[in-house]
Amino acid sequence: MLQSPVILVLDLLGTFAFALNGALTAARAARLDLIGVLVLGMMTALGGGILRDLLINVPPATFGDLRYLAAAAGGALLAFLLSVELERFTRLITVFDAIGLSVFCVTGASKALDAGLGGVQAVLLGVITAVGGGTLRDVVVQRVPTVLTSDFYAVPALVGAALAIAALQLDLPELVGALVPAAIAFTIRMLGVRFNLRVPRPRQHRLRGAADDPDR
Amino acid sequence: MLQSPVILVLDLLGTFAFALNGALTAARAARLDLIGVLVLGMMTALGGGILRDLLINVPPATFGDLRYLAAAAGGALLAFLLSVELERFTRLITVFDAIGLSVFCVTGASKALDAGLGGVQAVLLGVITAVGGGTLRDVVVQRVPTVLTSDFYAVPALVGAALAIAALQLDLPELVGALVPAAIAFTIRMLGVRFNLRVPRPRQHRLRGAADDPDR
Amino acid sequence: MLQSPVILVLDLLGTFAFALNGALTAARAARLDLIGVLVLGMMTALGGGILRDLLINVPPATFGDLRYLAAAAGGALLAFLLSVELERFTRLITVFDAIGLSVFCVTGASKALDAGLGGVQAVLLGVITAVGGGTLRDVVVQRVPTVLTSDFYAVPALVGAALAIAALQLDLPELVGALVPAAIAFTIRMLGVRFNLRVPRPRQHRLRGAADDPDR
């Protein structure tokens, strides 16, 4: 099925933002050269969409459409070239991540619905698209994934994906139905970071090893 | 092809047990909130089956059948709510894991054979189904996967899968052909844990970093 | 489409070499028994090809063709049996890895082109085939993947894949068009190891945690 221009533009924007984020993360992590930065940037940018496409059993769009590869490589390369300038703005990494997150939850959910999945599954696939790339990035650089440790990471993706599916089922105009959920997801994520919001934890929680990396 | 009720019930049971196990692991690992517990529980529960379905190139059953999602989410949620009560019973985590392991090796092998794969490959896919979810769980929480370090983890899955394939090829009644191999796999796993059974190691084995986490 | 004998032989050779490499890595890492060695050897050997097949959405060749499983299991088993003898030759692990790398970048790119992908994507898939298995191995034993930290790991794969695609598009005889790129990739990799070649790094590079494992 033909992709709508709105979804395509958002998807490329998310890809670019996640590539910047992944590449900056790589540059801040240890000993990564140009190749390492490119690999980690592209993995972060493309990982979520590839996971989604594997799970709905369609050939990953990335490998049929050069624009995704170009957006991912471009974002990673830019981050490599400007790593010194960008590194001073630590908050930028979080902002790029939040853009990718909020855009991908909407496009992922919408593509899953297009592929014929039910609403619940489409919402779940939206979340997987949104958090998948960053989770791969974290696993590869040996960090406990943000989605497990940061309270308000999956929540905004869940809200954005659910709103996007609701908008599609209400037949809202596509631009509104995609942009508003993405904006809401972005806002929730940034508020979560800003005010360090928390979801409930298991009672009498024991700390053990693992996530020494508190938050970002 | 229609799934038989025996395989379906076992599969849902394994999903539920692995979700409990993964969620309890998450609650015992560091700093995981409700979302982290749900994510890790569902990843543990659904990961093996998703890997299997990807490898035999069919759309993952999880995303076509809400009952799997419900079993996984239910198990994870229950573990979250009862984490204090359940945590006192450390052995329970191992038991739930053994249930998932022994059930999934049988259902995974049987589904692979249904999908037209040869016997050897079906056995291997049974093992992958059984150990896949726990391996994902371990990788994500930065542990060396149990399948690599615990001597009797892959062995019971291998035995269970091989017996299930043998039973299918002998045309044994399905209930017997599924339940007996699962029970045998479960017994071997629990005996392995109880008596700390070992398979051969490379001679003059050097210890280096990695698996400081001996067993569970 | 029928696989050519040249590609098949190279593919099996790469599988065997990567299995030896992965199994030796496992034997040197912590506390791995026969099962752990087999699992890690087979994961290293088969991981890259499975990733490639998933990404081009064909059923993984491994599970349709017992020869791959046999080559992987044979290499891993041999490494297990000879681990003491082989361990003295540390350099051997690197050589086996370089063989797998240089062979898989050629066969992976060639298969992707066969599957109808464009040239750029085929080159990328060649690289993924070459580095995928080793990356899985590193993630599973909790190491930052070589592809991120070693300067000349992805570069030879990229060169080999690009040359293989060029040779295919120039209609060179298959033996030449496969062997020469593989030999060049192997040479670049070994020169990279020998002379510790470096690609550019981000300026003012900060070291932080992660890759304490410099090179191999």
# chains A, B, ... in the order shown; residues from 1 in each chain; ligands from 1
$ residues_around --residues "range 52-55 of chain B" --least-positions-apart "3" --cutoff "10 Å" --atoms "only C-alpha atoms" --output "NGL selection string"
(:A and (54-57)) or (:B and (47-49 or 58-62 or 108-109 or 111-112 or 115 or 122 or 124-130 or 132)) or (:C and (50-51 or 53-54 or 57-63))
$ write_last_selection --atoms "C-alpha atoms" --output "PDB file, in the first residue's frame"
ATOM      1  CA  LEU A  54       9.866  -8.151  10.738  1.00  0.00           C
ATOM      2  CA  LEU A  55       7.012  -8.538  13.194  1.00  0.00           C
ATOM      3  CA  ILE A  56       4.341  -7.784  10.597  1.00  0.00           C
ATOM      4  CA  ASN A  57       6.278  -9.940   8.144  1.00  0.00           C
TER       5      ASN A  57
ATOM      6  CA  GLY B  47      10.559 -13.611  22.599  1.00  0.00           C
ATOM      7  CA  GLY B  48      11.107 -17.308  21.970  1.00  0.00           C
ATOM      8  CA  GLY B  49       7.951 -17.764  19.938  1.00  0.00           C
ATOM      9  CA  VAL B  58       5.520 -16.896   9.285  1.00  0.00           C
ATOM     10  CA  PRO B  59       3.920 -13.824  10.881  1.00  0.00           C
ATOM     11  CA  PRO B  60       4.483 -14.089  14.650  1.00  0.00           C
ATOM     12  CA  ALA B  61       1.416 -15.732  16.189  1.00  0.00           C
ATOM     13  CA  THR B  62       1.545 -13.213  19.020  1.00  0.00           C
ATOM     14  CA  GLY B 108       8.161 -24.900  19.185  1.00  0.00           C
ATOM     15  CA  ALA B 109       9.393 -28.150  17.664  1.00  0.00           C
ATOM     16  CA  LYS B 111       5.102 -25.890  15.061  1.00  0.00           C
ATOM     17  CA  ALA B 112       8.336 -26.028  13.102  1.00  0.00           C
ATOM     18  CA  ALA B 115       5.646 -25.507   8.938  1.00  0.00           C
ATOM     19  CA  ALA B 122      12.447 -28.701  14.076  1.00  0.00           C
ATOM     20  CA  LEU B 124      16.700 -26.938  16.884  1.00  0.00           C
ATOM     21  CA  LEU B 125      13.775 -24.543  16.572  1.00  0.00           C
ATOM     22  CA  GLY B 126      12.158 -26.140  19.598  1.00  0.00           C
ATOM     23  CA  VAL B 127      15.301 -25.342  21.577  1.00  0.00           C
ATOM     24  CA  ILE B 128      15.395 -21.791  20.208  1.00  0.00           C
ATOM     25  CA  THR B 129      11.748 -21.270  21.158  1.00  0.00           C
ATOM     26  CA  ALA B 130      12.481 -22.541  24.652  1.00  0.00           C
ATOM     27  CA  GLY B 132      15.025 -17.535  23.172  1.00  0.00           C
TER      28      GLY B 132
ATOM     29  CA  ILE C  50      20.054 -15.329   9.413  1.00  0.00           C
ATOM     30  CA  LEU C  51      19.958 -11.561   9.866  1.00  0.00           C
ATOM     31  CA  ASP C  53      17.718 -13.550   5.246  1.00  0.00           C
ATOM     32  CA  LEU C  54      15.322 -11.930   7.712  1.00  0.00           C
ATOM     33  CA  ASN C  57      12.425 -11.576   3.947  1.00  0.00           C
ATOM     34  CA  VAL C  58      13.324 -15.052   2.738  1.00  0.00           C
ATOM     35  CA  PRO C  59      13.282 -18.112   4.999  1.00  0.00           C
ATOM     36  CA  PRO C  60      16.766 -18.391   6.548  1.00  0.00           C
ATOM     37  CA  ALA C  61      18.836 -20.773   4.385  1.00  0.00           C
ATOM     38  CA  THR C  62      20.219 -22.346   7.546  1.00  0.00           C
ATOM     39  CA  PHE C  63      16.948 -23.982   8.333  1.00  0.00           C
TER      40      PHE C  63
END
$ closest_atom_pairs --of "chain B" --to "chain A" --cutoff "6 Å" --atoms "only C-alpha atoms" --output "tab-separated table"
residue	atom	partner	partner_atom	distance
B:Ala29	CA	A:Arg208	CA	5.3
B:Ala30	CA	A:Leu207	CA	4.8
B:Leu32	CA	A:Thr149	CA	5.5
B:Asp33	CA	A:Arg201	CA	4.3
B:Leu34	CA	A:Arg201	CA	5.5
B:Gly36	CA	A:Leu148	CA	4.0
B:Pro59	CA	A:Asn57	CA	5.3
B:Phe63	CA	A:Gln121	CA	5.9
B:Phe80	CA	A:Pro202	CA	5.9
B:Val141	CA	A:Val144	CA	5.7
$ residues_around --residues "Asn21 in chain A" --least-positions-apart "4" --cutoff "12 Å" --atoms "only C-alpha atoms" --output "JSON, numbers by chain"
{"A": [14, 15, 16, 17, 25, 26, 27, 28, 37, 38, 40, 41, 42, 43, 44, 45, 72, 75, 76, 77, 78, 79, 80, 83, 86, 87, 89, 90, 91, 92, 93, 94, 95, 96, 97, 98, 99, 100, 101, 133, 134, 137, 138]}
$ atom_distance --atom1 "CA of Val84 in chain C" --atom2 "CA of Leu12 in chain C"
24.7 Å
